[in-house]
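The block underneath contains the structure these notes are about, expressed in structure tokens.
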Amino acid sequence: MRPSDTDTEPEPDPELYDSLDGQVALVTGANRGLGREIAARLAGLGATIYAGTRSQSHDLIDEPSVQIDRTISTNLRGPLLCCKHALPLLVERDGGRVVNVSSNLGQLSGGQTGGTPSYRVSKTGLNGLTAYLHGEYADEGLLANSVSPGWVATDLGTQGGRSPPRSVEEGAETPVWLCRFRPGSPAGLFWKDREVVDW
């Protein structure tokens with residue numbers, strides 16, 4: 001959903017679950033960084049957590065050496081297959097949620113310059129997957145959104161001695177908030193800091 005420059009839509013005001021008791025969350029990349037923080041917060045809200053992890057030997061730490069296929073596979077193919085296999089459970093009742101962790105670098109409206117082409121294209125594709133899930137399964141009660149956590153001090157974010165402005169805790173805020181959306185909440189959107197941003 002991309003409102004035109006002249007549209008003045010009100011900000012969505014979703015109803016949130018105060019507790020996630022009795023609900024199940026599958027968190028990919030939950031062995032470290034942002035995924036680990038999100039899993040811990042959802043567990044703190046009472047959710048049963050299934051943690052999807054990959055081995056340390058397959059972690060994407062040294063980005064200059066990462067091939068295109070590996071980046072696309074990790075950032076797009078993995079979420080696509082995960083959603084494919086989880087969908088039967090997600091649409092069993094209204095309010096199943098998919099929260100894809102994307103990036104501002106995947107925003108078509110923000111321009112696509114500044115290097116890291118594989119990463120940018122993979123996150124643009126992830127936003128496309130989110131839009132597809134919304135278009136295809138919203139009528140079955142699925143809430144699919146994507147979110148930019150910002151530049152976060154994860155292993156990838158700090159590689160090369162860089163100093164991201166956001167902590168892992170700050171990066172997890174909006175993804176966890178989206179996980180608390182009740183049935184009928186806004187979906188098919190791209191978020192940052194609890195606000196909708198243009199794709």
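Residue numbers start at 1 in each chain; chains themselves are named A, B, ... in the order of the structure tokens; ligands are numbered from 1 in the order shown.
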
Thr124 (chain A) environment, 12 Å, only C-alpha atoms, sequence neighbours closer than 3 positions dropped, as a ChimeraX atom specification
/A:72,75-76,100-112,117-121,127-131,146-148,190,199

Would you pick out the contacts of Arg36 (chain A) at 12 Å or less, using only C-alpha atoms, so that residues sharing its chain but fewer than 3 positions from it are not included, and give the list as a list in words?
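The residues satisfying every condition are Leu26, Val27, Thr28, Gly29, Ala30, Asn31, Arg32, Gly33, Ala39, Ala40, Arg41, Leu42, Ala43, Ile49, Tyr50, Ala51, Gly52, Thr53, Thr154, Val168, Glu169, Gly171, Ala172 and Val176 of chain A.
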
Kindly save the residues from that selection, with C-alpha atoms included, as a JSON list (two decimals), in the first residue's frame.
[["chain", "number", "residue", "atom", "x", "y", "z"],
["A", 26, "LEU", "CA", 8.09, -18.60, 15.56],
["A", 27, "VAL", "CA", 11.08, -16.25, 15.64],
["A", 28, "THR", "CA", 13.74, -16.79, 13.01],
["A", 29, "GLY", "CA", 17.33, -15.81, 13.74],
["A", 30, "ALA", "CA", 16.58, -16.17, 17.44],
["A", 31, "ASN", "CA", 20.05, -17.30, 18.47],
["A", 32, "ARG", "CA", 21.46, -13.77, 18.69],
["A", 33, "GLY", "CA", 20.95, -10.07, 18.12],
["A", 39, "ALA", "CA", 12.01, -13.87, 21.22],
["A", 40, "ALA", "CA", 12.81, -12.90, 24.82],
["A", 41, "ARG", "CA", 10.25, -10.09, 24.83],
["A", 42, "LEU", "CA", 7.52, -12.25, 23.32],
["A", 43, "ALA", "CA", 8.26, -14.96, 25.89],
["A", 49, "ILE", "CA", 8.45, -19.49, 21.43],
["A", 50, "TYR", "CA", 9.79, -21.65, 18.65],
["A", 51, "ALA", "CA", 13.24, -20.34, 17.86],
["A", 52, "GLY", "CA", 14.52, -20.72, 14.32],
["A", 53, "THR", "CA", 18.30, -20.51, 14.21],
["A", 154, "THR", "CA", 24.00, -6.45, 15.88],
["A", 168, "VAL", "CA", 19.20, -4.23, 20.00],
["A", 169, "GLU", "CA", 16.57, -3.33, 22.60],
["A", 171, "GLY", "CA", 15.44, -2.21, 17.39],
["A", 172, "ALA", "CA", 13.10, -4.81, 18.90],
["A", 176, "VAL", "CA", 7.33, -6.79, 19.21]]

Identify all residues of chain A in strand (DSSP E or B) (DSSP on the backbone) and supply them as a PyMOL selection string.
chain A and resi 16+24-28+48-52+97-101+143-147+152+166+181+190-192+195-197

Between A:Pro183, A:Arg162, A:Tyr132, A:Gln67, smallest distance to Leu90 (chain A) by only C-alpha atoms belongs to A:Pro183

Running DSSP on the backbone, which parts of region 69-189 of chain A land in helix (DSSP H, G or I), as number ranges by chain?
A: 69-90, 104-106, 108-110, 117-140, 155-161, 168-179

Could you write those residues out with C-alpha atoms, as a compact mmCIF listing (two decimals), in the first residue's frame?
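See out-v3.txt below for the written result:
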# COMPACT_ATOMS: atom_id res chain seq x y z
CA ASP A 69 22.72 -16.17 -3.62
CA ARG A 70 23.41 -16.46 0.10
CA THR A 71 22.01 -13.00 0.84
CA ILE A 72 18.86 -13.58 -1.21
CA SER A 73 18.46 -17.03 0.34
CA THR A 74 18.77 -15.73 3.90
CA ASN A 75 16.73 -12.54 3.60
CA LEU A 76 14.03 -13.59 1.14
CA ARG A 77 13.92 -17.30 0.31
CA GLY A 78 14.07 -18.34 3.98
CA PRO A 79 11.15 -16.12 5.07
CA LEU A 80 9.16 -17.12 1.98
CA LEU A 81 9.52 -20.85 2.73
CA CYS A 82 8.89 -20.31 6.43
CA CYS A 83 5.65 -18.49 5.63
CA LYS A 84 4.65 -21.16 3.12
CA HIS A 85 4.88 -23.91 5.73
CA ALA A 86 3.40 -21.84 8.58
CA LEU A 87 0.40 -20.51 6.63
CA PRO A 88 -1.98 -23.42 7.36
CA LEU A 89 -1.60 -22.72 11.08
CA LEU A 90 -1.62 -18.94 10.68
CA ASN A 104 14.88 1.18 5.08
CA LEU A 105 17.37 0.03 2.44
CA GLY A 106 14.56 -2.01 0.88
CA LEU A 108 11.69 1.77 -3.28
CA SER A 109 10.54 5.27 -2.37
CA GLY A 110 13.83 6.03 -0.63
CA PRO A 117 22.93 -4.14 -3.77
CA SER A 118 22.25 -7.76 -2.71
CA TYR A 119 21.04 -6.70 0.71
CA ARG A 120 18.87 -3.89 -0.67
CA VAL A 121 17.25 -6.08 -3.32
CA SER A 122 16.62 -8.90 -0.82
CA LYS A 123 14.84 -6.53 1.59
CA THR A 124 12.82 -4.98 -1.25
CA GLY A 125 11.75 -8.53 -2.09
CA LEU A 126 10.81 -9.13 1.55
CA ASN A 127 8.55 -6.08 1.45
CA GLY A 128 7.04 -7.55 -1.72
CA LEU A 129 6.43 -10.84 0.08
CA THR A 130 4.64 -8.92 2.84
CA ALA A 131 2.41 -7.17 0.30
CA TYR A 132 1.64 -10.51 -1.36
CA LEU A 133 0.74 -12.20 1.93
CA HIS A 134 -1.61 -9.33 2.76
CA GLY A 135 -3.24 -9.37 -0.65
CA GLU A 136 -3.65 -13.14 -0.75
CA TYR A 137 -4.56 -13.97 2.86
CA ALA A 138 -6.02 -10.88 4.53
CA ASP A 139 -9.53 -12.17 3.85
CA GLU A 140 -8.60 -15.29 5.84
CA ASP A 155 27.01 -8.44 14.62
CA LEU A 156 26.16 -7.44 11.06
CA GLY A 157 25.45 -3.83 12.01
CA THR A 158 28.79 -3.37 13.78
CA GLN A 159 31.00 -5.16 11.27
CA GLY A 160 33.97 -3.17 10.08
CA GLY A 161 34.07 -1.18 13.32
CA VAL A 168 19.20 -4.23 20.00
CA GLU A 169 16.57 -3.33 22.60
CA GLU A 170 15.52 -0.24 20.63
CA GLY A 171 15.44 -2.21 17.39
CA ALA A 172 13.10 -4.81 18.90
CA GLU A 173 10.48 -2.28 20.06
CA THR A 174 8.34 -2.00 16.92
CA PRO A 175 8.60 -5.66 15.79
CA VAL A 176 7.33 -6.79 19.21
CA TRP A 177 4.57 -4.15 19.11
CA LEU A 178 3.43 -5.50 15.72
CA CYS A 179 3.35 -9.03 17.19

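Straight-line separation from CA of Leu143 (chain A) to CA of Asp94 (chain A): 8.5 Å.
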